[in-house]
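Next comes start-v4.pdb, with PDB, C-alpha atoms and all ligand atoms.
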ATOM      1  CA  MET A   5     135.341  93.179  46.785
ATOM      2  CA  ARG A   6     131.682  92.841  47.521
ATOM      3  CA  VAL A   7     131.803  89.468  45.804
ATOM      4  CA  LEU A   8     133.654  87.652  48.556
ATOM      5  CA  PRO A   9     131.013  87.934  51.310
ATOM      6  CA  LEU A  10     128.417  86.872  48.776
ATOM      7  CA  LEU A  11     130.486  83.822  47.852
ATOM      8  CA  LEU A  12     130.939  82.945  51.505
ATOM      9  CA  PHE A  13     127.232  83.281  52.056
ATOM     10  CA  CYS A  14     126.468  81.035  49.087
ATOM     11  CA  PHE A  15     128.933  78.460  50.374
ATOM     12  CA  ALA A  16     127.348  78.465  53.804
ATOM     13  CA  VAL A  17     123.902  77.968  52.296
ATOM     14  CA  TRP A  18     125.214  75.240  50.022
ATOM     15  CA  ALA A  19     127.016  73.439  52.856
ATOM     16  CA  GLY A  20     123.947  73.638  55.062
ATOM     17  CA  GLU A  21     121.795  72.479  52.207
ATOM     18  CA  SER A  22     123.908  69.443  51.354
ATOM     19  CA  LYS A  23     124.012  68.383  54.984
ATOM     20  CA  GLU A  24     120.242  68.729  55.184
ATOM     21  CA  LYS A  25     119.760  67.250  51.771
ATOM     22  CA  THR A  26     119.081  63.703  52.771
ATOM     23  CA  LYS A  27     116.692  64.446  55.587
ATOM     24  CA  LEU A  28     113.277  63.874  54.086
ATOM     25  CA  PRO A  29     110.473  66.150  55.255
ATOM     26  CA  SER A  30     107.670  64.426  57.113
ATOM     27  CA  ARG A  31     105.056  67.142  57.548
ATOM     28  CA  ARG A  32     101.716  66.437  55.992
ATOM     29  CA  SER A  33     101.904  69.531  53.794
ATOM     30  CA  ASP A  34     105.251  68.339  52.413
ATOM     31  CA  LEU A  35     103.841  64.930  51.561
ATOM     32  CA  GLU A  36     100.846  66.524  49.879
ATOM     33  CA  ARG A  37     103.099  68.749  47.844
ATOM     34  CA  GLY A  38     105.254  65.699  47.065
ATOM     35  CA  GLU A  39     102.239  63.815  45.815
ATOM     36  CA  LYS A  40     101.205  66.728  43.580
ATOM     37  CA  LEU A  41     104.666  66.882  42.074
ATOM     38  CA  TYR A  42     104.675  63.107  41.691
ATOM     39  CA  GLN A  43     101.360  63.132  39.818
ATOM     40  CA  GLY A  44     102.631  65.878  37.538
ATOM     41  CA  HIS A  45     106.110  64.560  36.805
ATOM     42  CA  CYS A  46     106.341  60.872  37.597
ATOM     43  CA  ALA A  47     102.921  59.203  37.308
ATOM     44  CA  LEU A  48     103.210  59.086  33.529
ATOM     45  CA  CYS A  49     105.863  56.364  33.875
ATOM     46  CA  HIS A  50     105.410  55.034  37.424
ATOM     47  CA  GLY A  51     101.597  54.961  37.503
ATOM     48  CA  THR A  52      99.157  57.245  39.329
ATOM     49  CA  ARG A  53      99.212  54.831  42.285
ATOM     50  CA  GLY A  54     102.936  54.110  42.053
ATOM     51  CA  ASP A  55     102.277  50.643  40.679
ATOM     52  CA  GLY A  56     104.476  51.204  37.646
ATOM     53  CA  GLY A  57     104.177  51.479  33.899
ATOM     54  CA  ARG A  58     107.074  52.165  31.627
ATOM     55  CA  GLY A  59     109.092  52.567  34.830
ATOM     56  CA  PRO A  60     109.149  50.050  37.681
ATOM     57  CA  SER A  61     106.558  49.852  40.439
ATOM     58  CA  LEU A  62     107.553  51.972  43.433
ATOM     59  CA  LEU A  63     105.361  49.964  45.823
ATOM     60  CA  ARG A  64     108.419  48.076  47.031
ATOM     61  CA  ARG A  65     110.106  48.113  50.367
ATOM     62  CA  ARG A  66     113.566  48.227  48.830
ATOM     63  CA  LEU A  67     114.332  50.104  45.649
ATOM     64  CA  THR A  68     117.364  48.700  43.870
ATOM     65  CA  ARG A  69     118.709  52.013  42.587
ATOM     66  CA  ALA A  70     117.638  54.036  45.612
ATOM     67  CA  SER A  71     118.503  51.984  48.643
ATOM     68  CA  ASP A  72     118.699  54.956  51.042
ATOM     69  CA  ASP A  73     117.192  58.437  51.148
ATOM     70  CA  ALA A  74     120.331  60.140  49.802
ATOM     71  CA  ALA A  75     120.381  57.807  46.797
ATOM     72  CA  LEU A  76     116.657  58.379  46.254
ATOM     73  CA  VAL A  77     117.007  62.159  46.207
ATOM     74  CA  LYS A  78     119.932  61.832  43.801
ATOM     75  CA  VAL A  79     117.960  59.557  41.446
ATOM     76  CA  ILE A  80     115.086  62.051  41.412
ATOM     77  CA  GLU A  81     117.373  65.023  40.886
ATOM     78  CA  GLU A  82     119.713  63.540  38.280
ATOM     79  CA  GLY A  83     117.789  60.623  36.803
ATOM     80  CA  ILE A  84     119.590  57.381  35.975
ATOM     81  CA  ASN A  85     122.192  57.781  33.305
ATOM     82  CA  GLY A  86     121.713  55.661  30.206
ATOM     83  CA  THR A  87     118.097  54.763  31.043
ATOM     84  CA  GLU A  88     114.695  56.308  30.374
ATOM     85  CA  MET A  89     114.578  57.709  33.910
ATOM     86  CA  PRO A  90     114.987  61.496  33.516
ATOM     87  CA  GLY A  91     116.303  63.889  36.138
ATOM     88  CA  ALA A  92     113.849  66.450  37.549
ATOM     89  CA  SER A  93     116.213  69.391  37.176
ATOM     90  CA  GLN A  94     113.236  71.746  36.878
ATOM     91  CA  MET A  95     112.405  71.158  40.550
ATOM     92  CA  SER A  96     114.047  72.841  43.510
ATOM     93  CA  PRO A  97     116.101  70.840  46.050
ATOM     94  CA  ARG A  98     113.230  71.173  48.500
ATOM     95  CA  GLU A  99     110.828  69.742  45.936
ATOM     96  CA  HIS A 100     113.184  66.813  45.259
ATOM     97  CA  ARG A 101     112.951  65.936  48.950
ATOM     98  CA  GLN A 102     109.190  66.354  49.017
ATOM     99  CA  VAL A 103     108.782  63.935  46.092
ATOM    100  CA  ALA A 104     111.281  61.571  47.710
ATOM    101  CA  ALA A 105     109.236  61.614  50.917
ATOM    102  CA  TYR A 106     106.127  60.771  48.923
ATOM    103  CA  VAL A 107     107.946  57.922  47.106
ATOM    104  CA  ARG A 108     109.051  56.528  50.476
ATOM    105  CA  SER A 109     105.449  56.644  51.703
ATOM    106  CA  LEU A 110     104.494  54.469  48.721
ATOM    107  CA  SER A 111     106.785  51.712  49.956
ATOM    108  CA  ARG A 112     104.274  51.095  52.727
ATOM    109  CA  VAL A 113     101.462  50.416  50.251
ATOM    110  CA  PRO A 114     101.264  46.665  49.674
ATOM    111  CA  ALA A 115     101.874  45.691  46.040
ATOM    112  CA  THR A 116      99.454  43.350  44.311
ATOM    113  CA  PRO A 117     101.339  40.084  44.020
ATOM    114  CA  VAL A 118     102.013  38.868  40.497
ATOM    115  CA  PRO A 119     100.159  35.637  39.746
ATOM    116  CA  GLY A 120     102.075  32.863  38.024
ATOM    117  CA  ASP A 121     104.969  30.546  38.722
ATOM    118  CA  PRO A 122     108.429  31.907  37.879
ATOM    119  CA  LYS A 123     109.953  28.401  37.611
ATOM    120  CA  ARG A 124     107.439  27.368  34.953
ATOM    121  CA  GLY A 125     107.932  30.762  33.349
ATOM    122  CA  GLU A 126     111.638  30.119  32.990
ATOM    123  CA  GLN A 127     110.885  26.836  31.182
ATOM    124  CA  LEU A 128     108.607  28.698  28.768
ATOM    125  CA  TYR A 129     111.240  31.382  28.263
ATOM    126  CA  LEU A 130     113.881  28.809  27.316
ATOM    127  CA  GLY A 131     111.560  26.365  25.539
ATOM    128  CA  LYS A 132     108.324  27.237  23.789
ATOM    129  CA  GLY A 133     109.001  30.984  23.686
ATOM    130  CA  GLU A 134     112.531  30.682  22.311
ATOM    131  CA  CYS A 135     113.193  34.041  23.918
ATOM    132  CA  ALA A 136     116.876  33.326  24.553
ATOM    133  CA  GLY A 137     117.496  33.403  20.812
ATOM    134  CA  CYS A 138     117.155  37.190  20.966
ATOM    135  CA  HIS A 139     117.631  38.137  24.632
ATOM    136  CA  ALA A 140     120.480  37.578  27.049
ATOM    137  CA  ILE A 141     120.141  36.992  30.788
ATOM    138  CA  ASN A 142     123.367  37.210  32.771
ATOM    139  CA  GLY A 143     125.447  37.031  29.632
ATOM    140  CA  LYS A 144     123.689  33.984  28.100
ATOM    141  CA  GLY A 145     121.563  34.337  24.987
ATOM    142  CA  GLY A 146     121.157  36.439  21.856
ATOM    143  CA  THR A 147     121.833  40.131  21.433
ATOM    144  CA  LEU A 148     119.116  41.184  19.014
ATOM    145  CA  GLY A 149     116.778  42.268  21.826
ATOM    146  CA  PRO A 150     117.650  44.187  24.999
ATOM    147  CA  GLU A 151     119.377  42.330  27.809
ATOM    148  CA  LEU A 152     116.822  41.183  30.410
ATOM    149  CA  SER A 153     119.059  40.406  33.421
ATOM    150  CA  ASP A 154     117.454  43.124  35.582
ATOM    151  CA  VAL A 155     114.243  43.793  33.667
ATOM    152  CA  GLY A 156     112.227  43.253  36.876
ATOM    153  CA  ASP A 157     113.898  46.369  38.290
ATOM    154  CA  ARG A 158     113.339  48.414  35.176
ATOM    155  CA  ARG A 159     109.755  47.669  34.174
ATOM    156  CA  SER A 160     106.398  47.039  35.806
ATOM    157  CA  SER A 161     104.554  43.751  35.314
ATOM    158  CA  ALA A 162     101.916  45.543  33.211
ATOM    159  CA  TYR A 163     104.610  46.865  30.896
ATOM    160  CA  LEU A 164     106.212  43.424  30.616
ATOM    161  CA  ARG A 165     102.852  41.907  29.702
ATOM    162  CA  ALA A 166     102.354  44.480  26.951
ATOM    163  CA  SER A 167     105.923  43.915  25.694
ATOM    164  CA  ILE A 168     105.076  40.272  25.044
ATOM    165  CA  THR A 169     101.556  40.539  23.670
ATOM    166  CA  ASP A 170     102.106  43.735  21.705
ATOM    167  CA  PRO A 171     105.861  44.355  21.211
ATOM    168  CA  GLU A 172     105.358  47.530  19.210
ATOM    169  CA  ALA A 173     103.205  49.176  21.897
ATOM    170  CA  ASP A 174     106.283  50.885  23.345
ATOM    171  CA  VAL A 175     109.666  50.240  21.805
ATOM    172  CA  PRO A 176     112.531  51.315  24.107
ATOM    173  CA  ARG A 177     114.305  54.480  22.961
ATOM    174  CA  SER A 178     117.551  52.570  22.755
ATOM    175  CA  PHE A 179     116.190  50.381  19.942
ATOM    176  CA  LEU A 180     115.785  51.784  16.448
ATOM    177  CA  GLN A 181     115.006  49.680  13.416
ATOM    178  CA  VAL A 182     116.412  51.039  10.168
ATOM    179  CA  ARG A 183     115.954  49.908   6.609
ATOM    180  CA  VAL A 184     118.519  51.066   4.079
ATOM    181  CA  VAL A 185     118.414  50.727   0.306
ATOM    182  CA  ALA A 186     121.821  50.821  -1.366
ATOM    183  CA  LYS A 187     122.186  52.506  -4.737
ATOM    184  CA  SER A 188     122.781  48.980  -6.067
ATOM    185  CA  GLY A 189     119.205  48.153  -5.004
ATOM    186  CA  ARG A 190     120.132  45.880  -2.076
ATOM    187  CA  THR A 191     117.882  46.393   0.996
ATOM    188  CA  ILE A 192     118.993  45.652   4.541
ATOM    189  CA  THR A 193     116.865  45.862   7.674
ATOM    190  CA  GLY A 194     118.316  45.810  11.156
ATOM    191  CA  GLU A 195     119.042  47.614  14.386
ATOM    192  CA  ARG A 196     120.881  50.894  14.134
ATOM    193  CA  LEU A 197     124.136  50.764  16.068
ATOM    194  CA  ASN A 198     125.606  54.139  15.092
ATOM    195  CA  GLU A 199     124.993  57.005  12.781
ATOM    196  CA  ASP A 200     126.713  60.292  11.949
ATOM    197  CA  SER A 201     126.410  62.788   9.111
ATOM    198  CA  PHE A 202     128.354  60.637   6.665
ATOM    199  CA  SER A 203     127.841  57.015   7.633
ATOM    200  CA  ILE A 204     125.520  54.541   9.313
ATOM    201  CA  GLN A 205     126.192  51.182  10.983
ATOM    202  CA  LEU A 206     123.582  48.510  11.549
ATOM    203  CA  ARG A 207     123.228  44.882  12.552
ATOM    204  CA  ASP A 208     120.801  42.873  10.450
ATOM    205  CA  TYR A 209     118.448  40.353  12.031
ATOM    206  CA  SER A 210     120.824  37.487  11.279
ATOM    207  CA  GLY A 211     123.474  39.225  13.364
ATOM    208  CA  ASN A 212     125.720  40.511  10.540
ATOM    209  CA  LEU A 213     127.239  43.965  10.912
ATOM    210  CA  HIS A 214     127.010  46.466   8.054
ATOM    211  CA  SER A 215     128.561  49.870   7.581
ATOM    212  CA  PHE A 216     127.561  52.248   4.808
ATOM    213  CA  LEU A 217     128.660  55.628   3.612
ATOM    214  CA  LYS A 218     125.493  57.642   3.176
ATOM    215  CA  GLN A 219     126.581  58.713  -0.294
ATOM    216  CA  ASP A 220     126.261  55.054  -1.366
ATOM    217  CA  LEU A 221     122.660  54.796  -0.168
ATOM    218  CA  ALA A 222     119.527  55.641  -2.103
ATOM    219  CA  GLU A 223     117.200  55.541   0.924
ATOM    220  CA  ILE A 224     117.360  55.395   4.733
ATOM    221  CA  HIS A 225     114.183  54.624   6.664
ATOM    222  CA  ARG A 226     114.143  55.023  10.415
ATOM    223  CA  ASP A 227     111.275  52.806  11.519
ATOM    224  CA  ARG A 228     110.804  54.251  14.999
ATOM    225  CA  GLY A 229     108.331  52.076  16.907
ATOM    226  CA  LYS A 230     108.928  48.989  14.770
ATOM    227  CA  SER A 231     110.158  45.784  16.343
ATOM    228  CA  PRO A 232     111.318  42.417  15.009
ATOM    229  CA  MET A 233     109.937  40.748  18.138
ATOM    230  CA  PRO A 234     106.845  38.664  17.287
ATOM    231  CA  SER A 235     103.647  39.017  19.330
ATOM    232  CA  TYR A 236     103.029  36.062  21.632
ATOM    233  CA  LYS A 237      99.375  36.909  22.226
ATOM    234  CA  ASP A 238      98.083  33.758  20.546
ATOM    235  CA  LYS A 239     101.063  31.562  21.289
ATOM    236  CA  PHE A 240     100.665  31.377  25.072
ATOM    237  CA  THR A 241      97.615  30.575  27.213
ATOM    238  CA  GLY A 242      96.650  33.031  29.956
ATOM    239  CA  THR A 243      98.325  30.864  32.606
ATOM    240  CA  GLU A 244     101.498  30.570  30.569
ATOM    241  CA  LEU A 245     101.632  34.323  30.135
ATOM    242  CA  ASP A 246     101.251  34.777  33.916
ATOM    243  CA  ASP A 247     104.121  32.330  34.495
ATOM    244  CA  LEU A 248     106.352  34.068  31.989
ATOM    245  CA  ILE A 249     105.690  37.469  33.549
ATOM    246  CA  ALA A 250     106.317  36.127  37.043
ATOM    247  CA  TYR A 251     109.689  34.942  35.751
ATOM    248  CA  LEU A 252     110.572  38.303  34.165
ATOM    249  CA  VAL A 253     109.516  40.196  37.318
ATOM    250  CA  SER A 254     111.861  37.947  39.319
ATOM    251  CA  LEU A 255     114.860  39.066  37.237
ATOM    252  CA  ARG A 256     116.490  41.664  39.465
ATOM    253  CA  GLU A 257     119.937  42.979  40.051
ATOM    254  CA  ALA A 258     121.701  40.719  42.530
ATOM    255  CA  LYS A 259     122.399  42.561  45.763
TER
HETATM  256  C1  LIG B   1     109.880  58.848  31.084
HETATM  257  C2  LIG B   1     109.570  57.906  32.125
HETATM  258  C3  LIG B   1     109.926  58.224  33.562
HETATM  259  C4  LIG B   1     109.623  59.363  34.302
HETATM  260  C5  LIG B   1     108.888  60.614  33.832
HETATM  261  C6  LIG B   1     110.116  59.117  35.619
HETATM  262  N1  LIG B   1     110.698  57.881  35.694
HETATM  263 FE1  LIG B   1     111.561  57.051  37.339
HETATM  264  N2  LIG B   1     112.200  55.495  36.215
HETATM  265  C7  LIG B   1     111.877  55.259  34.900
HETATM  266  C8  LIG B   1     112.535  54.051  34.431
HETATM  267  C9  LIG B   1     112.442  53.436  33.038
HETATM  268  C10 LIG B   1     113.277  53.578  35.527
HETATM  269  C11 LIG B   1     114.181  52.324  35.547
HETATM  270  C12 LIG B   1     115.553  52.766  35.121
HETATM  271  C13 LIG B   1     116.512  51.603  35.058
HETATM  272  O1  LIG B   1     117.044  51.248  36.109
HETATM  273  O2  LIG B   1     116.693  51.071  33.967
HETATM  274  C14 LIG B   1     113.030  54.496  36.637
HETATM  275  C15 LIG B   1     113.581  54.348  37.907
HETATM  276  C16 LIG B   1     113.202  55.092  39.006
HETATM  277  C17 LIG B   1     113.606  54.837  40.367
HETATM  278  C18 LIG B   1     114.521  53.712  40.831
HETATM  279  C19 LIG B   1     113.643  52.517  41.171
HETATM  280  C20 LIG B   1     114.407  51.337  41.707
HETATM  281  O3  LIG B   1     113.819  50.261  41.745
HETATM  282  O4  LIG B   1     115.550  51.479  42.109
HETATM  283  C21 LIG B   1     112.992  55.782  41.148
HETATM  284  C22 LIG B   1     113.084  55.902  42.662
HETATM  285  C23 LIG B   1     112.228  56.628  40.273
HETATM  286  N3  LIG B   1     112.380  56.191  38.973
HETATM  287  C24 LIG B   1     111.468  57.704  40.707
HETATM  288  C25 LIG B   1     110.906  58.643  39.837
HETATM  289  C26 LIG B   1     110.307  59.885  40.270
HETATM  290  C27 LIG B   1     110.126  60.301  41.726
HETATM  291  C28 LIG B   1     109.930  60.549  39.144
HETATM  292  C29 LIG B   1     109.332  61.935  39.030
HETATM  293  C30 LIG B   1     110.081  63.015  39.609
HETATM  294  C31 LIG B   1     110.264  59.716  38.003
HETATM  295  N4  LIG B   1     110.859  58.565  38.481
HETATM  296  C32 LIG B   1     110.004  60.031  36.678
HETATM  297  C33 LIG B   1     111.078  56.060  34.114
HETATM  298  C34 LIG B   1     110.616  57.312  34.460
HETATM  299  C1  LIG B   2     113.227  37.939  17.049
HETATM  300  C2  LIG B   2     113.855  38.378  18.268
HETATM  301  C3  LIG B   2     113.042  38.398  19.552
HETATM  302  C4  LIG B   2     112.393  37.339  20.163
HETATM  303  C5  LIG B   2     112.256  35.896  19.676
HETATM  304  C6  LIG B   2     111.882  37.854  21.417
HETATM  305  N1  LIG B   2     112.206  39.176  21.552
HETATM  306 FE1  LIG B   2     111.735  40.362  23.107
HETATM  307  N2  LIG B   2     112.478  41.992  22.106
HETATM  308  C7  LIG B   2     113.154  41.952  20.908
HETATM  309  C8  LIG B   2     113.527  43.311  20.527
HETATM  310  C9  LIG B   2     114.296  43.708  19.275
HETATM  311  C10 LIG B   2     113.037  44.168  21.528
HETATM  312  C11 LIG B   2     113.163  45.717  21.589
HETATM  313  C12 LIG B   2     112.065  46.364  20.766
HETATM  314  C13 LIG B   2     110.695  46.154  21.378
HETATM  315  O1  LIG B   2     110.400  46.675  22.438
HETATM  316  O2  LIG B   2     109.901  45.418  20.758
HETATM  317  C14 LIG B   2     112.378  43.305  22.512
HETATM  318  C15 LIG B   2     111.794  43.748  23.700
HETATM  319  C16 LIG B   2     111.412  42.918  24.738
HETATM  320  C17 LIG B   2     111.050  43.382  26.055
HETATM  321  C18 LIG B   2     111.062  44.830  26.546
HETATM  322  C19 LIG B   2     112.411  45.101  27.133
HETATM  323  C20 LIG B   2     112.564  46.495  27.677
HETATM  324  O3  LIG B   2     113.626  46.789  28.203
HETATM  325  O4  LIG B   2     111.629  47.288  27.585
HETATM  326  C21 LIG B   2     110.759  42.273  26.805
HETATM  327  C22 LIG B   2     110.335  42.212  28.245
HETATM  328  C23 LIG B   2     110.909  41.118  25.941
HETATM  329  N3  LIG B   2     111.317  41.549  24.695
HETATM  330  C24 LIG B   2     110.689  39.807  26.337
HETATM  331  C25 LIG B   2     110.687  38.733  25.466
HETATM  332  C26 LIG B   2     110.234  37.398  25.818
HETATM  333  C27 LIG B   2     109.757  36.980  27.190
HETATM  334  C28 LIG B   2     110.336  36.639  24.691
HETATM  335  C29 LIG B   2     109.931  35.195  24.503
HETATM  336  C30 LIG B   2     108.558  34.866  24.844
HETATM  337  C31 LIG B   2     110.895  37.490  23.644
HETATM  338  N4  LIG B   2     111.074  38.751  24.151
HETATM  339  C32 LIG B   2     111.191  37.082  22.349
HETATM  340  C33 LIG B   2     113.440  40.807  20.177
HETATM  341  C34 LIG B   2     112.916  39.549  20.428
END
Go ahead and render the structure in this file as structure tokens.
Amino acid sequence: MRVLPLLLFCFAVWAGESKEKTKLPSRRSDLERGEKLYQGHCALCHGTRGDGGRGPSLLRRRLTRASDDAALVKVIEEGINGTEMPGASQMSPREHRQVAAYVRSLSRVPATPVPGDPKRGEQLYLGKGECAGCHAINGKGGTLGPELSDVGDRRSSAYLRASITDPEADVPRSFLQVRVVAKSGRTITGERLNEDSFSIQLRDYSGNLHSFLKQDLAEIHRDRGKSPMPSYKDKFTGTELDDLIAYLVSLREAK
């Protein structure tokens, strides 16, 4: 019977904690601690100055997925399901709030504006770049590459630039190229859609779906880091590249 008081105590702490949860600390020592944690856990993807990398820049007044402090703490604690944003479950609730406070302080740092003209970029995207053959924006376009409708929320401008000039620099986890050789000798290359112990499903680069039993295959190659997207380094001028990136950065979730 000694368990009950303990349970009640835990509940009281928990209730107090969740009420306090969204109040971000503002003391200087908390912000300093928040920055330390940020540099250790977040800078890898969001940049040492918060200007982004694989993850989006945090130097923005409004964060799409973290519009208020409660949402921000939740994103830091749990990550964003189905994306590359991991949850920081190794940190304590207090540390989540300290990092959140530091992230909020970044929103007051002015971001370097992206050069380039998004309107001209859109023309390049649809025309010379033929990007829509592989990518969809708001439901229109191909499905070979990832959907780009909100890519401005997901990636920094530096990452977007690298995606276009050097597509294999960082291939998203969600994309895996596989090459299978059937026992008959036929080879098929495409994106892996599904795989279990006995079978594998892929879509080739002409859009056809294939399903194989593994026992019918002689070889399976998982080309992690390989991409069918061509490099546009020599196809676009510097100005054109700026325009294209300005366009991609402008693609954000409608609010
Ligand atoms: C492995 C890379 C990675 C790490 C590490 C990482 N993030 Fe992220 N983060 C991302 C990506 C990618 C997204 C965009 C997810 C999406 O919406 O597709 C993101 C999104 C976010 C967002 C939402 C931004 C918005 O515009 O709504 C916040 C806030 C954030 N991260 C904060 C953090 C903090 C704080 C840490 C450290 C505790 C951290 N991230 C660690 C990759 C990362
Ligand atoms: C032949 C098909 C193909 C074409 C054409 C193509 N892409 Fe891609 N793209 C892909 C694939 C597949 C990926 C995922 C693997 C990777 O990162 O390279 C990708 C990745 C990307 C990414 C990274 C997305 C993310 O979530 O990280 C961006 C941005 C991008 N492409 C933009 C463009 C633009 C802009 C053009 C036109 C100038 C273009 N792509 C043309 C197939 C294509």
**Request:** Apply the PyMOL selection byres (((not hetatm)) within 7 of (chain B and resi 2)) to the displayed file and report the matching residues as a ChimeraX atom specification.
**Result:** /A:129,133-135,137-139,148-150,152,155,159,164,167-168,171-172,174-176,179,231-234,236,248
**Fill in**
Atom pair atom CA of Arg177 of chain A + atom CA of His100 of chain A, distance 25.5 Å
**Message:** Neighbours of ligand LIG 1 (chain B) at 7 Å or closer, counting all atoms listed in the file: which residues, as a PyMOL selection string?
**Reply:** chain A and resi 42+45-46+48-50+58-60+62+67-70+76+79-80+84+87-90+92+103-104+107+157-159
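Note that atom CA of Gly194 of chain A and atom CA of Arg228 of chain A are 11.9 Å apart.
By chain and then residue number, the residues within 8 Å of Leu180 of chain A are Glu195, Arg196, Arg226, Asp227, Arg228, Gly229 and Lys230 of chain A, counting all atoms listed in the file and disregarding those fewer than 4 positions away in sequence.
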Could you expand the PyMOL selection byres (((chain A and resi 117-122) around 12) and not hetatm) into the explicit residues it covers here, written as a short mmCIF file (atom, residue, chain, number, x, y, z; two decimals) with C-alpha atoms, in the coordinates of the input?
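Okay, result_4.cif is ready:
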data_model
loop_
_atom_site.label_atom_id
_atom_site.label_comp_id
_atom_site.auth_asym_id
_atom_site.auth_seq_id
_atom_site.Cartn_x
_atom_site.Cartn_y
_atom_site.Cartn_z
CA ASP A 55 102.28 50.64 40.68
CA SER A 61 106.56 49.85 40.44
CA LEU A 63 105.36 49.96 45.82
CA ARG A 64 108.42 48.08 47.03
CA PRO A 114 101.26 46.66 49.67
CA ALA A 115 101.87 45.69 46.04
CA THR A 116 99.45 43.35 44.31
CA LYS A 123 109.95 28.40 37.61
CA ARG A 124 107.44 27.37 34.95
CA GLY A 125 107.93 30.76 33.35
CA GLU A 126 111.64 30.12 32.99
CA GLN A 127 110.88 26.84 31.18
CA LEU A 128 108.61 28.70 28.77
CA TYR A 129 111.24 31.38 28.26
CA GLY A 156 112.23 43.25 36.88
CA SER A 160 106.40 47.04 35.81
CA SER A 161 104.55 43.75 35.31
CA ALA A 162 101.92 45.54 33.21
CA LEU A 164 106.21 43.42 30.62
CA ARG A 165 102.85 41.91 29.70
CA THR A 241 97.62 30.58 27.21
CA GLY A 242 96.65 33.03 29.96
CA THR A 243 98.32 30.86 32.61
CA GLU A 244 101.50 30.57 30.57
CA LEU A 245 101.63 34.32 30.14
CA ASP A 246 101.25 34.78 33.92
CA ASP A 247 104.12 32.33 34.49
CA LEU A 248 106.35 34.07 31.99
CA ILE A 249 105.69 37.47 33.55
CA ALA A 250 106.32 36.13 37.04
CA TYR A 251 109.69 34.94 35.75
CA LEU A 252 110.57 38.30 34.16
CA VAL A 253 109.52 40.20 37.32
CA SER A 254 111.86 37.95 39.32
CA LEU A 255 114.86 39.07 37.24
#
**Prompt:** atom CA of Glu39 of chain A and atom CA of Met95 of chain A, how far apart in Å?
**Reply:** 13.6 Å
